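Raw work_36.cif, mmCIF, C-alpha atoms:
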```
data_structure
loop_
_atom_site.label_atom_id
_atom_site.label_comp_id
_atom_site.auth_asym_id
_atom_site.auth_seq_id
_atom_site.Cartn_x
_atom_site.Cartn_y
_atom_site.Cartn_z
CA MET A 1 9.89 125.21 79.95
CA LYS A 2 6.81 126.33 77.99
CA ILE A 3 8.73 126.32 74.71
CA HIS A 4 9.88 122.74 75.34
CA VAL A 5 6.31 121.61 76.10
CA LEU A 6 4.96 123.34 72.98
CA LYS A 7 7.68 121.75 70.86
CA ASP A 8 6.80 118.31 72.28
CA ARG A 9 3.12 118.90 71.51
CA ALA A 10 3.92 120.04 67.98
CA THR A 11 6.08 116.96 67.43
CA LEU A 12 3.35 114.72 68.81
CA THR A 13 0.70 116.39 66.66
CA SER A 14 2.91 116.16 63.59
CA SER A 15 3.54 112.48 64.32
CA ARG A 16 -0.18 111.79 64.71
CA ILE A 17 -0.97 113.56 61.45
CA ALA A 18 1.70 111.56 59.62
CA SER A 19 0.36 108.36 61.15
CA ALA A 20 -3.20 109.24 60.14
CA LEU A 21 -2.09 109.99 56.58
CA ASP A 22 -0.29 106.65 56.41
CA LYS A 23 -3.43 104.87 57.58
CA VAL A 24 -5.54 106.61 54.94
CA GLU A 25 -3.03 105.66 52.24
CA LEU A 26 -3.01 102.05 53.47
CA GLN A 27 -6.81 101.93 53.34
CA ARG A 28 -6.71 103.22 49.76
CA GLU A 29 -4.12 100.57 48.88
CA ILE A 30 -6.23 97.80 50.43
CA THR A 31 -9.22 99.02 48.42
CA ARG A 32 -7.16 98.89 45.21
CA TRP A 33 -5.99 95.37 46.04
CA TYR A 34 -9.57 94.30 46.73
CA SER A 35 -10.82 95.85 43.48
CA ASN A 36 -8.10 94.11 41.46
CA TRP A 37 -8.06 90.84 43.39
CA GLN A 38 -9.23 88.71 40.45
CA SER A 39 -6.29 89.68 38.26
CA ILE A 40 -3.83 89.73 41.18
CA GLN A 41 -4.56 86.19 42.27
CA ASN A 42 -4.28 84.81 38.75
CA THR A 43 -0.87 86.30 37.94
CA LEU A 44 2.36 85.26 39.63
CA ALA A 45 4.01 88.62 38.97
CA GLU A 46 1.06 90.46 40.51
CA ARG A 47 1.06 88.17 43.57
CA ASN A 48 4.78 88.79 44.03
CA LYS A 49 4.24 92.53 43.71
CA LEU A 50 1.45 92.35 46.28
CA ALA A 51 3.68 90.37 48.65
CA GLU A 52 6.39 93.04 48.40
CA GLN A 53 3.89 95.84 48.94
CA THR A 54 2.30 94.18 51.95
CA GLN A 55 5.72 93.53 53.50
CA ALA A 56 6.64 97.20 53.03
CA TRP A 57 3.39 98.29 54.65
CA SER A 58 3.86 95.85 57.50
CA ASN A 59 7.31 97.25 58.20
CA LYS A 60 5.97 100.80 58.06
CA ILE A 61 3.06 100.04 60.39
CA LEU A 62 5.28 98.35 62.94
CA LYS A 63 7.38 101.52 63.11
CA MET A 64 4.35 103.72 63.88
CA PRO A 65 4.39 105.28 67.34
CA GLY A 66 2.67 103.35 70.07
CA LEU A 67 2.48 99.97 68.34
CA LEU A 68 5.62 98.38 69.72
CA HIS A 69 7.38 99.07 72.98
CA GLN A 70 11.07 99.51 72.48
#
```
Show me the file's structure as structure tokens.
Amino acid sequence: MKIHVLKDRATLTSSRIASALDKVELQREITRWYSNWQSIQNTLAERNKLAEQTQAWSNKILKMPGLLHQ
């Protein structure tokens, strides 16, 4: 019983760490987008790239634990 509980806690902790790392990386990405916004908004290719990146992040965020009930 104790081993099962410790394994669950380790999995939960690992999941929280991964989620926190993803959030930090997303914040860094948002900062890059903000810093480069002038060139992004003026270039179709850059806007398309941004759209793809934001969709990928959206999909990743929606898969994070606790955001959607399944």
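One finds CA of Gln41 (chain A) at 29.2 Å from CA of Met64 (chain A).
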Checklist line | Point-to-point distance in Å for CA of Gln38 (chain A) and CA of Ala20 (chain A) | finding: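 Between CA of Ala20 (chain A) and CA of Gln38 (chain A) the gap works out to 29.1 Å.
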Note to self: Would you pick out the contacts of Leu26 (chain A) at 10 Å or less, using all atoms listed in the file, so that residues sharing its chain but fewer than 4 positions from it are not included, and give the list as a VMD selection string?
What the structure shows: chain A and resid 20 to 22 30 to 32 54 57 61
Note to self: Quick check, in Å to one decimal: how far apart do CA of Pro65 (chain A) and CA of Ser19 (chain A) lie?
What the structure shows: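 A separation of 8.0 Å between them.
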Checklist line | For Ser58 (chain A), the nearest of the candidates A:Lys23, A:Ala45, A:Ser35, A:Arg16, counting only C-alpha atoms | finding: A:Lys23
